[in-house]
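Structure file protein.json (JSON, C-alpha atoms and all ligand atoms) is printed below.
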```json
[["chain", "number", "residue", "atom", "x", "y", "z"],
["A", 150, "MET", "CA", -12.77, -6.70, 13.27],
["A", 151, "HIS", "CA", -12.62, -10.25, 14.57],
["A", 152, "ASN", "CA", -13.95, -11.70, 11.36],
["A", 153, "LEU", "CA", -11.50, -9.83, 9.16],
["A", 154, "ALA", "CA", -8.52, -10.90, 11.23],
["A", 155, "SER", "CA", -9.64, -14.53, 11.19],
["A", 156, "LEU", "CA", -9.54, -14.42, 7.38],
["A", 157, "ILE", "CA", -5.86, -13.50, 7.26],
["A", 158, "ARG", "CA", -3.67, -16.57, 7.46],
["A", 159, "ALA", "CA", -0.29, -16.41, 9.20],
["A", 160, "VAL", "CA", 2.19, -18.61, 7.33],
["A", 161, "PRO", "CA", 5.43, -19.14, 9.29],
["A", 162, "ASP", "CA", 8.78, -19.21, 7.48],
["A", 163, "PHE", "CA", 7.45, -18.02, 4.12],
["A", 164, "PRO", "CA", 8.93, -16.93, 1.77],
["A", 165, "THR", "CA", 12.10, -17.23, 3.88],
["A", 166, "PRO", "CA", 12.85, -18.63, 7.37],
["A", 167, "GLY", "CA", 11.84, -16.25, 10.17],
["A", 168, "ILE", "CA", 9.18, -14.37, 8.17],
["A", 169, "VAL", "CA", 5.51, -14.78, 9.14],
["A", 170, "PHE", "CA", 3.75, -14.18, 5.83],
["A", 171, "ARG", "CA", 0.26, -12.62, 6.09],
["A", 172, "ASP", "CA", -1.85, -14.38, 3.47],
["A", 173, "ILE", "CA", -4.83, -12.22, 2.52],
["A", 174, "THR", "CA", -6.38, -14.59, -0.04],
["A", 175, "PRO", "CA", -9.03, -16.04, 2.34],
["A", 176, "LEU", "CA", -10.23, -12.47, 2.99],
["A", 177, "LEU", "CA", -10.38, -11.66, -0.73],
["A", 178, "ALA", "CA", -12.45, -14.78, -1.37],
["A", 179, "ASP", "CA", -15.11, -13.79, 1.20],
["A", 180, "ALA", "CA", -17.51, -11.45, -0.62],
["A", 181, "ALA", "CA", -19.10, -9.83, 2.44],
["A", 182, "GLU", "CA", -15.89, -9.44, 4.46],
["A", 183, "PHE", "CA", -13.87, -8.11, 1.53],
["A", 184, "ALA", "CA", -16.55, -5.48, 0.89],
["A", 185, "ARG", "CA", -16.61, -4.59, 4.60],
["A", 186, "CYS", "CA", -12.81, -4.38, 4.62],
["A", 187, "ILE", "CA", -12.80, -1.86, 1.75],
["A", 188, "ALA", "CA", -15.52, 0.23, 3.42],
["A", 189, "LEU", "CA", -13.50, 0.28, 6.67],
["A", 190, "LEU", "CA", -10.29, 1.17, 4.82],
["A", 191, "ALA", "CA", -12.07, 4.04, 3.03],
["A", 192, "GLU", "CA", -13.78, 5.44, 6.14],
["A", 193, "PRO", "CA", -10.94, 7.67, 7.50],
["A", 194, "TRP", "CA", -10.40, 9.25, 4.07],
["A", 195, "ARG", "CA", -13.97, 10.16, 3.10],
["A", 196, "GLU", "CA", -13.45, 13.87, 3.83],
["A", 197, "ALA", "CA", -9.82, 13.99, 2.65],
["A", 198, "ARG", "CA", -10.66, 14.98, -0.95],
["A", 199, "VAL", "CA", -8.48, 12.18, -2.33],
["A", 200, "GLN", "CA", -8.11, 12.58, -6.11],
["A", 201, "ALA", "CA", -5.89, 9.57, -6.81],
["A", 202, "VAL", "CA", -4.98, 6.36, -5.00],
["A", 203, "CYS", "CA", -1.41, 5.23, -5.79],
["A", 204, "ALA", "CA", -0.93, 1.58, -4.91],
["A", 205, "ILE", "CA", 2.09, -0.67, -4.90],
["A", 206, "GLU", "CA", 2.45, -3.75, -7.10],
["A", 207, "SER", "CA", 1.09, -6.27, -6.67],
["A", 208, "ARG", "CA", -1.12, -6.95, -3.63],
["A", 209, "GLY", "CA", -1.47, -3.22, -3.05],
["A", 210, "PHE", "CA", -3.34, -3.02, -6.36],
["A", 211, "ILE", "CA", -6.19, -5.14, -4.97],
["A", 212, "PHE", "CA", -6.93, -2.79, -2.09],
["A", 213, "GLY", "CA", -5.87, 0.39, -3.88],
["A", 214, "ALA", "CA", -8.18, -0.09, -6.86],
["A", 215, "ALA", "CA", -11.19, -0.90, -4.67],
["A", 216, "LEU", "CA", -10.37, 2.07, -2.41],
["A", 217, "ALA", "CA", -10.12, 4.38, -5.44],
["A", 218, "THR", "CA", -13.60, 3.49, -6.71],
["A", 219, "THR", "CA", -15.05, 3.73, -3.19],
["A", 220, "LEU", "CA", -13.53, 7.20, -2.67],
["A", 221, "GLY", "CA", -14.41, 8.42, -6.15],
["A", 222, "ALA", "CA", -10.71, 8.80, -6.97],
["A", 223, "GLY", "CA", -8.55, 7.68, -9.88],
["A", 224, "PHE", "CA", -6.16, 4.74, -9.59],
["A", 225, "VAL", "CA", -2.44, 4.97, -10.38],
["A", 226, "PRO", "CA", -0.30, 1.81, -10.26],
["A", 227, "LEU", "CA", 3.24, 2.10, -8.88],
["A", 228, "ARG", "CA", 4.98, -0.77, -10.62],
["A", 229, "LYS", "CA", 8.03, -2.98, -10.38],
["A", 230, "PRO", "CA", 10.81, -2.18, -12.91],
["A", 231, "GLY", "CA", 10.27, -2.77, -16.61],
["A", 232, "LYS", "CA", 6.49, -3.17, -16.54],
["A", 233, "LEU", "CA", 5.44, 0.30, -17.68],
["A", 234, "PRO", "CA", 6.23, 1.73, -21.11],
["A", 235, "PRO", "CA", 8.54, 4.79, -21.05],
["A", 236, "PRO", "CA", 8.79, 7.57, -20.09],
["A", 237, "VAL", "CA", 8.76, 6.62, -16.40],
["A", 238, "VAL", "CA", 9.94, 8.15, -13.14],
["A", 239, "ALA", "CA", 11.69, 5.69, -10.77],
["A", 240, "VAL", "CA", 12.67, 5.52, -7.11],
["A", 241, "ASP", "CA", 15.22, 2.98, -5.82],
["A", 242, "TYR", "CA", 14.92, 1.76, -2.25],
["A", 243, "GLU", "CA", 16.52, -0.66, 0.19],
["A", 244, "LEU", "CA", 14.90, -3.92, 1.27],
["A", 245, "GLU", "CA", 16.33, -5.95, 4.13],
["A", 246, "TYR", "CA", 18.82, -7.82, 1.94],
["A", 247, "ALA", "CA", 18.34, -6.27, -1.48],
["A", 248, "ARG", "CA", 17.40, -3.20, -3.48],
["A", 249, "ASP", "CA", 14.20, -2.66, -5.38],
["A", 250, "ARG", "CA", 12.64, 0.01, -7.57],
["A", 251, "LEU", "CA", 9.18, 1.49, -8.09],
["A", 252, "GLU", "CA", 8.16, 3.17, -11.32],
["A", 253, "ALA", "CA", 5.26, 5.35, -12.45],
["A", 254, "ARG", "CA", 4.38, 6.98, -15.75],
["A", 255, "ASN", "CA", 5.98, 10.43, -15.75],
["A", 256, "ASP", "CA", 2.55, 11.99, -16.51],
["A", 257, "ALA", "CA", 0.58, 9.78, -14.08],
["A", 258, "LEU", "CA", -0.28, 12.61, -11.66],
["A", 259, "ARG", "CA", -1.05, 16.31, -11.92],
["A", 260, "LYS", "CA", 0.83, 18.95, -9.94],
["A", 261, "GLY", "CA", -0.72, 19.25, -6.47],
["A", 262, "GLU", "CA", -3.08, 16.31, -7.02],
["A", 263, "ARG", "CA", -4.19, 14.88, -3.68],
["A", 264, "VAL", "CA", -2.89, 11.32, -3.38],
["A", 265, "LEU", "CA", -3.53, 8.46, -0.97],
["A", 266, "VAL", "CA", -0.78, 5.81, -1.02],
["A", 267, "ALA", "CA", -2.00, 2.22, -0.46],
["A", 268, "ASP", "CA", -0.49, -1.20, 0.17],
["A", 269, "ASP", "CA", -1.48, -4.46, 1.84],
["A", 270, "VAL", "CA", 1.19, -4.78, 4.54],
["A", 271, "LEU", "CA", 3.45, -2.23, 6.23],
["A", 272, "ALA", "CA", 6.61, -3.93, 7.48],
["A", 273, "THR", "CA", 9.86, -1.91, 7.58],
["A", 274, "GLY", "CA", 8.20, 0.95, 5.70],
["A", 275, "GLY", "CA", 10.78, 1.04, 2.90],
["A", 276, "THR", "CA", 8.21, 0.34, 0.20],
["A", 277, "LEU", "CA", 5.60, 2.82, 1.41],
["A", 278, "CYS", "CA", 8.19, 5.58, 1.85],
["A", 279, "ALA", "CA", 9.55, 4.92, -1.65],
["A", 280, "ALA", "CA", 5.99, 5.25, -2.96],
["A", 281, "ARG", "CA", 5.65, 8.60, -1.21],
["A", 282, "THR", "CA", 8.95, 9.81, -2.71],
["A", 283, "LEU", "CA", 7.79, 8.77, -6.17],
["A", 284, "VAL", "CA", 4.43, 10.56, -5.81],
["A", 285, "GLU", "CA", 6.20, 13.71, -4.60],
["A", 286, "ARG", "CA", 8.69, 13.52, -7.45],
["A", 287, "LEU", "CA", 5.70, 13.62, -9.80],
["A", 288, "GLY", "CA", 4.62, 16.90, -8.18],
["A", 289, "ALA", "CA", 1.57, 15.54, -6.37],
["A", 290, "THR", "CA", 0.67, 15.91, -2.68],
["A", 291, "VAL", "CA", 0.53, 12.89, -0.37],
["A", 292, "VAL", "CA", -2.46, 13.25, 1.96],
["A", 293, "GLY", "CA", -1.73, 9.97, 3.75],
["A", 294, "ALA", "CA", -1.23, 6.24, 3.57],
["A", 295, "SER", "CA", -3.61, 3.31, 3.94],
["A", 296, "VAL", "CA", -2.57, -0.26, 4.70],
["A", 297, "LEU", "CA", -4.60, -3.28, 5.64],
["A", 298, "ILE", "CA", -1.99, -4.64, 8.06],
["A", 299, "GLU", "CA", 0.69, -2.96, 10.10],
["A", 300, "LEU", "CA", 3.43, -5.14, 11.63],
["A", 301, "ALA", "CA", 3.80, -3.15, 14.83],
["A", 302, "ALA", "CA", 7.10, -4.71, 15.94],
["A", 303, "LEU", "CA", 8.82, -3.25, 12.87],
["A", 304, "PRO", "CA", 9.71, 0.41, 12.36],
["A", 305, "GLY", "CA", 7.35, 1.11, 9.45],
["A", 306, "ARG", "CA", 5.18, 3.67, 11.23],
["A", 307, "ALA", "CA", 8.19, 5.52, 12.65],
["A", 308, "ARG", "CA", 9.77, 5.59, 9.21],
["A", 309, "TRP", "CA", 6.58, 7.03, 7.71],
["A", 310, "GLY", "CA", 6.71, 9.82, 10.32],
["A", 311, "ASN", "CA", 4.12, 12.49, 11.04],
["A", 312, "ALA", "CA", 4.07, 14.51, 7.83],
["A", 313, "SER", "CA", 0.76, 12.88, 6.89],
["A", 314, "PRO", "CA", -1.50, 10.32, 8.58],
["A", 315, "LEU", "CA", -1.00, 6.58, 8.25],
["A", 316, "HIS", "CA", -4.07, 4.38, 8.76],
["A", 317, "ALA", "CA", -3.84, 0.62, 9.35],
["A", 318, "LEU", "CA", -6.96, -1.50, 9.75],
["A", 319, "LEU", "CA", -5.21, -4.34, 11.57],
["A", 320, "SER", "CA", -2.06, -4.40, 13.67],
["A", 321, "TYR", "CA", -0.02, -7.49, 14.54],
["B", 401, "LIG", "P1", 8.36, -3.09, 3.76],
["B", 401, "LIG", "O1", 8.95, -2.31, 2.63],
["B", 401, "LIG", "O2", 9.41, -3.79, 4.58],
["B", 401, "LIG", "O3", 7.42, -2.26, 4.61],
["B", 401, "LIG", "O4", 7.51, -4.28, 3.15],
["B", 401, "LIG", "C1", 6.24, -4.05, 2.64],
["B", 401, "LIG", "C2", 6.00, -4.84, 1.39],
["B", 401, "LIG", "O5", 6.43, -6.19, 1.52],
["B", 401, "LIG", "C3", 4.52, -4.86, 1.10],
["B", 401, "LIG", "O6", 4.34, -4.55, -0.28],
["B", 401, "LIG", "C4", 4.06, -6.26, 1.45],
["B", 401, "LIG", "O7", 3.25, -6.79, 0.42],
["B", 401, "LIG", "C5", 5.33, -7.08, 1.62],
["B", 401, "LIG", "N1", 5.43, -7.73, 2.95],
["B", 401, "LIG", "C6", 6.35, -7.45, 3.89],
["B", 401, "LIG", "N2", 6.22, -8.25, 4.95],
["B", 401, "LIG", "C7", 5.17, -9.05, 4.70],
["B", 401, "LIG", "C8", 4.50, -10.09, 5.44],
["B", 401, "LIG", "N3", 4.91, -10.48, 6.65],
["B", 401, "LIG", "N4", 3.43, -10.68, 4.86],
["B", 401, "LIG", "C9", 3.00, -10.30, 3.64],
["B", 401, "LIG", "N5", 3.59, -9.35, 2.90],
["B", 401, "LIG", "C10", 4.65, -8.71, 3.42]]
```

When written as structure tokens, how does the structure in this file appear?
Amino acid sequence: MHNLASLIRAVPDFPTPGIVFRDITPLLADAAEFARCIALLAEPWREARVQAVCAIESRGFIFGAALATTLGAGFVPLRKPGKLPPPVVAVDYELEYARDRLEARNDALRKGERVLVADDVLATGGTLCAARTLVERLGATVVGASVLIELAALPGRARWGNASPLHALLSY
């Protein structure tokens, strides 16, 4: 794991003072380590019969799409407002100082389809939980969540709860 962690850059006070931004671009640029990272992310879900990976715009797409092909699952993008053509289903959620919205095509998932939710970083958990709500609103079943990085000092994991497993490859 040492190699993976060394390829994630901590950038203090970005994008705002007090935030330590986790920059994943050095990891993405390393062919062997990026491939290893996807294999490690996929490992806990190999027997979970995942049918679709739903990932959050935009860095979640990078890991979610690679995870989907590795697991033999489809890929469904959960997008920021106004990017998808209608009809869409939307979920509004609270960020620390703002509100945001995730949208999916209203026919993106089948009833009972087994979904893994994916993102790059779990911080307060607001985004990941909104993704889960959106997937459930579409009638699918969330089998769990996969993130590359969990910020353990924040309440993301507690907010996700125990209804389904949450796997993080790295914890800071
Ligand atoms: P949250 O909803 O608070 O869990 O925030 C998660 C979302 O914000 C993810 O989609 C991340 O891409 C982004 N994010 C939050 N904190 C960071 C951070 N320290 N470094 C990089 N991305 C972050």

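Residue nearest ligand LIG 401 (chain B), chosen from A:Asp268, A:Glu285, A:Glu192, A:Glu262 and counting only C-alpha atoms and all ligand atoms: A:Asp268.
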
Exercise for review: Pick out the residues no farther than 7 Å from ligand LIG 401 (chain B), counting all atoms listed in the file, and list them as a ChimeraX atom specification.
Suggested key: /A:168-172,205,208-209,244,268-277,305

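Among the candidate residues A:Pro230, A:Glu252, A:Ile173, A:Gly223, the one lying nearest to Ile211 (chain A) is A:Ile173, with distances computed using all atoms listed in the file.
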
Point to revise | Test item: residues at most 12 Å from Cys203 (chain A), all atoms listed in the file, excluding those fewer than 4 positions along its chain, as an NGL selection string | key: :A and (199 or 207 or 209-217 or 222-228 or 251-254 or 257-258 or 262-268 or 277 or 279-285 or 287 or 289-296)

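Distances here use all atoms listed in the file; by that measure, the residue among A:Val202, A:Ala191, A:Leu156, A:Asn311 closest to Asp179 (chain A) is A:Leu156.
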
**Study point:** Within-9 Å shell of (-8.8, -6.4, 1.8) in input frame, all atoms listed in the file, as a count of residues only
**Key:** 17

Review point. Hey, which of A:Gly261, A:Glu243, A:Leu220, A:Ser313 ends up closest to Leu189 (chain A)? Count only C-alpha atoms.
Key: A:Leu220

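CA of Ala197 (chain A) to CA of Asp256 (chain A) spans 22.9 Å [interatomic distance, one decimal].
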
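The space separating CA of Arg195 (chain A) from CA of Glu299 (chain A) comes to 20.9 Å.
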
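Taking CA of Lys260 (chain A) and CA of Gly288 (chain A) as endpoints, the distance between them is 4.7 Å.
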
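With all atoms listed in the file as the basis for measurement, A:Ala188 is the residue among A:Cys278, A:Ala312, A:Ala188, A:Val240 that approaches Thr219 (chain A) most closely.
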
Per-axis box centre and lengths in Å around region 167-178 of chain A, 5 Å margin per side, axis-aligned, as JSON:
```
{"center_x": -0.3, "center_y": -14.0, "center_z": 4.4, "size_x": 34.3, "size_y": 14.6, "size_z": 21.5}
```

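Considering the residues A:Leu315, A:Gly167, A:Leu233, A:Tyr321 and counting all atoms listed in the file, Ala302 (chain A) has its shortest atom-to-atom contact with A:Tyr321.
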